[in-house]
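So this block is run.cif, mmCIF, C-alpha atoms:
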```cif
data_coords
#
loop_
_atom_site.label_atom_id
_atom_site.label_comp_id
_atom_site.auth_asym_id
_atom_site.auth_seq_id
_atom_site.Cartn_x
_atom_site.Cartn_y
_atom_site.Cartn_z
CA MET A 1 82.60 37.64 -117.09
CA SER A 2 79.86 34.98 -117.28
CA GLN A 3 76.17 35.28 -116.22
CA GLN A 4 73.47 32.59 -115.84
CA ILE A 5 69.95 33.25 -116.97
CA ASN A 6 67.06 31.08 -115.55
CA LEU A 7 64.60 30.42 -118.26
CA PHE A 8 62.39 27.97 -116.11
CA ASN A 9 58.74 28.93 -115.72
CA PRO A 10 56.34 26.72 -113.72
CA ILE A 11 53.45 27.45 -116.02
CA PHE A 12 55.16 25.45 -118.67
CA LEU A 13 55.01 22.31 -116.50
CA LYS A 14 52.30 19.71 -117.06
CA GLN A 15 49.39 20.52 -114.71
CA LYS A 16 47.70 17.67 -112.75
CA LYS A 17 43.93 17.77 -113.10
CA ILE A 18 42.36 17.19 -109.62
CA PHE A 19 38.70 17.57 -110.65
CA GLY A 20 38.64 15.26 -113.49
CA ALA A 21 35.70 13.41 -114.93
CA VAL A 22 36.28 10.23 -112.96
CA PRO A 23 36.50 11.85 -109.52
CA MET A 24 33.48 13.97 -110.25
CA LEU A 25 31.51 10.92 -111.32
CA GLN A 26 32.52 9.14 -108.13
CA ALA A 27 31.50 12.09 -105.96
CA LEU A 28 28.19 12.32 -107.81
CA GLY A 29 27.54 8.64 -107.21
CA VAL A 30 28.23 9.01 -103.49
CA ILE A 31 25.85 11.95 -103.30
CA VAL A 32 23.14 10.05 -105.14
CA LEU A 33 23.52 7.07 -102.84
CA GLY A 34 23.30 9.33 -99.76
CA VAL A 35 20.17 11.01 -101.05
CA LEU A 36 18.56 7.65 -101.79
CA ALA A 37 19.40 6.38 -98.30
CA MET A 38 18.01 9.48 -96.66
CA SER A 39 14.84 9.27 -98.78
CA TRP A 40 14.34 5.65 -97.77
CA PHE A 41 14.83 6.45 -94.10
CA ALA A 42 12.41 9.39 -94.28
CA GLN A 43 9.86 7.23 -96.07
CA GLN A 44 10.09 4.66 -93.30
CA ARG A 45 9.51 7.34 -90.67
CA VAL A 46 6.57 8.74 -92.59
CA ASP A 47 5.01 5.29 -92.91
CA ALA A 48 5.37 4.71 -89.16
CA LEU A 49 3.81 8.09 -88.39
CA ARG A 50 0.97 7.36 -90.78
CA GLN A 51 0.30 4.09 -89.03
CA ARG A 52 0.24 5.79 -85.62
CA ALA A 53 -2.04 8.50 -86.99
CA ALA A 54 -4.39 5.88 -88.42
CA SER A 55 -4.55 4.01 -85.10
CA GLY A 56 -5.13 7.27 -83.25
CA GLN A 57 -7.87 8.20 -85.67
CA ALA A 58 -9.54 4.85 -85.14
CA LEU A 59 -9.30 5.22 -81.34
CA LEU A 60 -10.74 8.74 -81.53
CA ALA A 61 -13.60 7.54 -83.71
CA GLY A 62 -14.41 4.77 -81.20
CA ARG A 63 -14.41 7.20 -78.26
CA GLU A 64 -16.56 9.68 -80.15
CA ALA A 65 -19.01 6.89 -80.84
CA ARG A 66 -19.07 5.96 -77.15
CA LEU A 67 -19.58 9.62 -76.21
CA ALA A 68 -22.45 9.96 -78.62
CA LYS A 69 -24.04 6.79 -77.24
CA ALA A 70 -23.61 8.03 -73.63
CA ASN A 71 -25.15 11.38 -74.51
CA ALA A 72 -28.06 9.58 -76.08
CA ASP A 73 -28.53 7.24 -73.11
CA PHE A 74 -28.02 9.86 -70.41
CA ALA A 75 -29.57 12.96 -71.87
CA PRO A 76 -29.45 15.96 -69.48
CA ARG A 77 -32.73 16.43 -67.67
CA GLN A 78 -34.53 19.71 -67.48
CA ARG A 79 -34.40 21.54 -64.15
CA SER A 80 -37.56 20.92 -62.15
CA ALA A 81 -39.33 24.09 -61.04
CA ALA A 82 -40.91 22.26 -58.07
CA LEU A 83 -37.55 21.01 -56.82
CA GLN A 84 -36.07 24.49 -57.19
CA ALA A 85 -38.93 25.93 -55.15
CA ASP A 86 -38.41 23.27 -52.47
CA VAL A 87 -34.70 24.09 -52.30
CA THR A 88 -35.44 27.80 -51.93
CA THR A 89 -37.96 27.12 -49.16
CA ALA A 90 -35.53 24.82 -47.34
CA GLN A 91 -32.77 27.44 -47.53
CA ALA A 92 -35.10 30.08 -46.11
CA GLN A 93 -36.10 27.77 -43.25
CA LEU A 94 -32.45 27.00 -42.54
CA GLY A 95 -31.66 30.71 -42.35
CA SER A 96 -34.56 31.26 -39.94
CA LEU A 97 -33.44 28.37 -37.74
CA ARG A 98 -29.91 29.75 -37.62
CA GLN A 99 -31.25 33.14 -36.55
CA VAL A 100 -33.32 31.50 -33.81
CA GLU A 101 -30.26 29.54 -32.66
CA ALA A 102 -28.22 32.75 -32.52
CA VAL A 103 -30.92 34.46 -30.44
CA LEU A 104 -31.15 31.49 -28.05
CA HIS A 105 -27.39 31.30 -27.56
CA GLY A 106 -27.16 35.06 -27.16
CA GLY A 107 -29.57 35.04 -24.22
CA GLY A 108 -32.06 37.42 -25.79
CA LEU A 109 -35.01 35.27 -24.67
CA GLY A 110 -33.70 34.58 -21.21
CA ASN A 111 -31.77 31.78 -19.61
CA THR A 112 -32.48 28.59 -21.56
CA ALA A 113 -30.44 26.47 -19.11
CA GLY A 114 -32.64 27.31 -16.12
CA TYR A 115 -31.79 28.83 -12.76
CA ALA A 116 -31.12 25.68 -10.75
CA GLU A 117 -27.35 26.14 -10.88
CA TYR A 118 -27.68 29.67 -9.47
CA PHE A 119 -29.60 28.39 -6.49
CA ARG A 120 -27.06 25.59 -5.98
CA ALA A 121 -24.29 28.18 -5.94
CA PHE A 122 -26.11 30.30 -3.35
CA ALA A 123 -26.82 27.18 -1.29
CA ARG A 124 -23.18 26.09 -1.30
CA GLN A 125 -21.88 29.44 -0.12
CA ASN A 126 -23.42 29.54 3.32
CA VAL A 127 -21.77 31.71 5.97
CA ASN A 128 -22.49 31.40 9.66
CA GLY A 129 -24.16 34.53 10.89
CA LEU A 130 -25.39 35.57 7.40
CA TRP A 131 -28.67 34.67 5.73
CA LEU A 132 -30.56 35.77 2.66
CA THR A 133 -33.97 37.40 2.68
CA GLY A 134 -34.42 37.97 -1.04
CA LEU A 135 -33.00 36.86 -4.39
CA SER A 136 -33.91 38.02 -7.89
CA ILE A 137 -32.51 36.69 -11.19
CA VAL A 138 -33.78 38.35 -14.36
CA GLY A 139 -33.38 37.19 -17.95
CA ALA A 140 -30.27 35.18 -18.77
CA GLY A 141 -28.76 35.73 -15.34
CA LYS A 142 -27.16 39.06 -16.15
CA ASP A 143 -29.39 40.94 -13.69
CA ILE A 144 -28.97 39.56 -10.17
CA GLY A 145 -30.13 41.12 -6.93
CA VAL A 146 -29.40 39.75 -3.45
CA GLN A 147 -30.85 40.95 -0.15
CA GLY A 148 -29.91 39.57 3.21
CA ARG A 149 -28.89 40.17 6.78
CA ALA A 150 -25.72 39.51 8.77
CA MET A 151 -24.84 39.63 12.41
CA GLN A 152 -21.60 41.43 11.50
CA ALA A 153 -20.87 43.68 8.54
CA THR A 154 -17.44 42.07 8.09
CA LEU A 155 -19.08 38.84 6.92
CA ILE A 156 -20.50 40.45 3.78
CA PRO A 157 -17.23 41.00 1.79
CA ASP A 158 -16.15 37.43 2.47
CA TYR A 159 -19.53 36.15 1.30
CA ILE A 160 -19.33 38.19 -1.92
CA ALA A 161 -15.81 36.90 -2.65
CA ARG A 162 -16.89 33.30 -2.15
CA LEU A 163 -20.00 33.81 -4.27
CA THR A 164 -18.16 35.32 -7.24
CA ALA A 165 -15.75 32.36 -7.21
CA GLU A 166 -18.59 30.07 -8.33
CA LYS A 167 -18.42 28.92 -11.96
CA ILE A 168 -21.95 30.06 -12.74
CA MET A 169 -21.08 33.56 -11.52
CA SER A 170 -18.05 33.84 -13.78
CA GLY A 171 -18.10 37.09 -15.75
CA LYS A 172 -20.78 38.67 -13.55
CA THR A 173 -19.87 41.66 -11.42
CA PHE A 174 -21.74 43.46 -8.67
CA GLY A 175 -21.92 47.20 -9.03
CA SER A 176 -23.87 48.27 -5.94
CA LEU A 177 -23.70 47.29 -2.28
CA GLN A 178 -25.75 48.94 0.47
CA ILE A 179 -25.30 48.10 4.15
CA ASP A 180 -27.26 49.65 7.01
CA ARG A 181 -28.47 48.82 10.49
CA PRO A 182 -32.24 49.21 10.58
CA MET A 183 -34.44 50.39 13.40
CA VAL A 184 -36.64 47.67 14.92
CA ASP A 185 -39.78 48.24 16.94
CA TYR A 186 -39.95 46.04 20.05
CA ALA A 187 -43.31 45.52 21.68
CA ALA A 188 -42.85 46.10 25.43
CA PRO A 189 -44.73 43.56 27.59
CA ALA A 190 -47.57 44.94 29.66
CA ALA A 191 -46.97 45.36 33.39
CA ALA A 192 -48.74 42.83 35.61
CA PRO A 193 -51.61 44.26 37.70
CA ALA A 194 -50.85 44.92 41.32
CA ALA A 195 -51.95 42.15 43.65
CA THR A 196 -52.62 44.46 46.59
CA SER A 197 -52.72 48.15 47.13
CA THR A 198 -49.56 47.93 49.25
CA SER A 199 -47.06 47.59 46.24
CA THR A 200 -43.66 48.99 46.97
CA SER A 201 -41.69 51.43 44.79
CA THR A 202 -39.10 48.70 44.09
CA SER A 203 -41.60 46.54 42.15
CA THR A 204 -42.71 49.58 40.14
CA SER A 205 -39.10 50.29 39.13
CA ALA A 206 -38.56 46.65 38.05
CA ALA A 207 -41.70 46.74 35.88
CA ALA A 208 -40.54 49.96 34.22
CA ALA A 209 -37.10 48.45 33.49
CA ALA A 210 -38.69 45.33 32.00
CA ALA A 211 -40.85 47.51 29.78
CA ALA A 212 -37.85 49.45 28.53
CA THR A 213 -35.55 46.40 27.87
CA PRO A 214 -36.48 44.14 24.90
CA THR A 215 -36.82 40.48 25.77
CA VAL A 216 -35.03 37.58 24.02
CA ALA A 217 -38.27 36.58 22.32
CA ALA A 218 -38.65 40.10 20.94
CA LEU A 219 -35.08 40.03 19.56
CA LEU A 220 -35.71 36.69 17.88
CA ALA A 221 -38.93 38.01 16.43
CA ALA A 222 -37.09 41.02 14.99
CA VAL A 223 -34.42 38.78 13.40
CA THR A 224 -36.76 36.16 11.94
CA GLY A 225 -39.65 38.49 11.19
CA GLN A 226 -42.15 36.33 13.13
CA ALA A 227 -44.29 37.28 16.04
CA PRO A 228 -42.89 36.26 19.43
CA PRO A 229 -44.71 33.36 21.11
CA SER A 230 -46.70 34.29 24.19
CA ALA A 231 -45.67 32.60 27.41
CA ALA A 232 -49.16 32.32 28.82
CA PRO A 233 -52.52 33.66 27.75
CA ALA A 234 -53.31 36.82 29.58
CA ALA A 235 -56.73 37.16 30.98
CA THR A 236 -56.99 40.82 30.12
CA PRO A 237 -54.28 42.00 27.64
CA ALA A 238 -53.12 45.47 28.41
CA PRO A 239 -52.00 47.83 25.63
CA SER A 240 -48.21 47.92 25.16
CA THR A 241 -46.15 50.82 23.96
CA PRO A 242 -43.68 49.89 21.13
CA THR A 243 -40.10 50.98 21.55
CA SER A 244 -37.60 51.51 18.70
CA ALA A 245 -33.96 50.50 18.86
CA ARG A 246 -31.12 49.57 16.52
CA ALA A 247 -31.32 45.97 15.35
CA PRO A 248 -28.57 43.60 16.44
CA PHE A 249 -27.90 42.80 12.77
CA VAL A 250 -27.15 44.67 9.57
CA GLN A 251 -29.04 44.28 6.34
CA PHE A 252 -27.46 44.52 2.91
CA SER A 253 -28.61 44.83 -0.69
CA LEU A 254 -26.34 43.62 -3.50
CA GLN A 255 -27.09 44.51 -7.12
CA SER A 256 -25.31 43.36 -10.28
CA GLN A 257 -23.64 45.80 -12.63
CA ALA A 258 -26.36 45.34 -15.27
CA MET A 259 -29.13 46.24 -12.81
CA VAL A 260 -27.23 49.32 -11.65
CA GLU A 261 -26.80 50.53 -15.21
CA ALA A 262 -30.45 49.84 -16.00
CA ALA A 263 -31.53 51.88 -12.98
CA LYS A 264 -29.59 54.94 -14.16
#
```

Go through the file and emit its structure as structure tokens.
Amino acid sequence: MSQQINLFNPIFLKQKKIFGAVPMLQALGVIVLGVLAMSWFAQQRVDALRQRAASGQALLAGREARLAKANADFAPRQRSAALQADVTTAQAQLGSLRQVEAVLHGGGLGNTAGYAEYFRAFARQNVNGLWLTGLSIVGAGKDIGVQGRAMQATLIPDYIARLTAEKIMSGKTFGSLQIDRPMVDYAAPAAAPAATSTSTSTSTSAAAAAAATPTVAALLAAVTGQAPPSAAPAATPAPSTPTSARAPFVQFSLQSQAMVEAAK
């Protein structure tokens, strides 16, 4: 029986030297060249940055010199005490003027626009059979009182509605309205003296009826408030007895809301 024995061992082979002296020298040379190239490139960058820094330093020095010259030419002035006092006085006057303007616009001193527009409004709203006997406007127009007369009481609401539609009366309300029919005293005309002593009872009755019934002149006098004109001068005026009767008109009194509240 035969048997083979392998006596080969790889360690006994000739080993190839990879890192020999020549390759290491070559690698070292490459490294040295790379370092030199990088150093040269860095030096170039540093030189460029130094040049930029030098130019920036020169520009900064020039601007600092200009700033110093400007500060010397335009030195800050000291605050004037007189000017400060004038400014304070002017501000105080401005505040006072603004307060006066607020008071004037608020109506605290009355109506600065006048009362002509109120009278124009009352003149425009004229109603047949209604006339005014009194008108009062107080302050800035917030307190208004109207007195008048009308042949019919139904004319008064229509007059109030038309009056409040005026622009000048916008925002103003009436808080009190009084309507009544007053008593009017009519002066009865004196009876004519009898011509003869033979007067009949019929003429006496007619004179009594005339004395009791108010004449047209007396009615007009009661409406207008003027004395009735006499038809002819009487030779011997006889005393007349006044008679009272309801007036043919109604009188009204209209007060604004502000006046009603002030009266409470």

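CA of Leu254 (chain A) sits 5.7 Å away from CA of Gly145 (chain A).
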
Query raised in the report: Which distance in Å separates CA of Gly171 (chain A) and CA of Lys142 (chain A), to one decimal?
Result: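 Atom-to-atom, CA of Gly171 (chain A) and CA of Lys142 (chain A) are spaced 9.3 Å apart.
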
**Report entry** Exercise: Lys172 (chain A) partners within 8 Å, all atoms listed in the file, chain neighbours under 4 positions left out, as a ChimeraX atom specification
**Finding:** /A:142,164,256-257

Write the selection just made, keeping C-alpha atoms, as an mmCIF file, in the coordinates of the input?
```cif
data_model
loop_
_atom_site.group_PDB
_atom_site.id
_atom_site.type_symbol
_atom_site.label_atom_id
_atom_site.label_comp_id
_atom_site.auth_asym_id
_atom_site.auth_seq_id
_atom_site.Cartn_x
_atom_site.Cartn_y
_atom_site.Cartn_z
ATOM 1 C CA LYS A 142 -27.160 39.060 -16.150
ATOM 2 C CA THR A 164 -18.160 35.320 -7.240
ATOM 3 C CA SER A 256 -25.310 43.360 -10.280
ATOM 4 C CA GLN A 257 -23.640 45.800 -12.630
#
```

Report task. Could you check how far CA of Asn126 (chain A) sits from CA of Ser170 (chain A), in Å to one decimal? Result ->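 It comes out at 18.4 Å.
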
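Checking A:Ser244, A:Gln44, A:Gln57, A:Ser176 one by one against Val146 (chain A), counting all atoms listed in the file, you find the shortest gap at A:Ser176.
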
Let me have the centre and edge lengths of the axis-aligned box enclosing all listed atoms of region 20-34 of chain A with 8 Å padding on every side, in Å to one decimal, as lines of an AutoDock Vina configuration file.
```
center_x = 30.9
center_y = 11.2
center_z = -107.3
size_x = 31.5
size_y = 24.2
size_z = 31.2
```

**Report entry** Selection: 10 Å around Gln178 (chain A), all atoms listed in the file, excl. self and same-chain fewer than 5 positions, as a ChimeraX atom specification
**Finding:** /A:147,251-255

Requested in this report: Fewer than 3 positions away in the same chain doesn't count, so skip those; otherwise give me all residues within 9 Å of Met169 (chain A), counting all atoms listed in the file, as a ChimeraX atom specification.
Outcome: /A:118,121,141,163-166,172-173

Go through the shown structure with the PyMOL selection byres ((chain A and resi 134) around 7) and write out the matching residues as a PDB file with C-alpha atoms, in the coordinates of the input.
```
ATOM      1  CA  LEU A 132     -30.560  35.770   2.660  1.00  0.00           C
ATOM      2  CA  THR A 133     -33.970  37.400   2.680  1.00  0.00           C
ATOM      3  CA  LEU A 135     -33.000  36.860  -4.390  1.00  0.00           C
ATOM      4  CA  SER A 136     -33.910  38.020  -7.890  1.00  0.00           C
ATOM      5  CA  VAL A 146     -29.400  39.750  -3.450  1.00  0.00           C
ATOM      6  CA  GLN A 147     -30.850  40.950  -0.150  1.00  0.00           C
ATOM      7  CA  GLY A 148     -29.910  39.570   3.210  1.00  0.00           C
TER       8      GLY A 148
END
```

Query raised in the report: Taking the file as shown, what set of residues would the PyMOL selection byres ((chain A and resi 183) around 9) give back, as a PyMOL selection string?
Result: chain A and resi 181-182+184-185+244-247
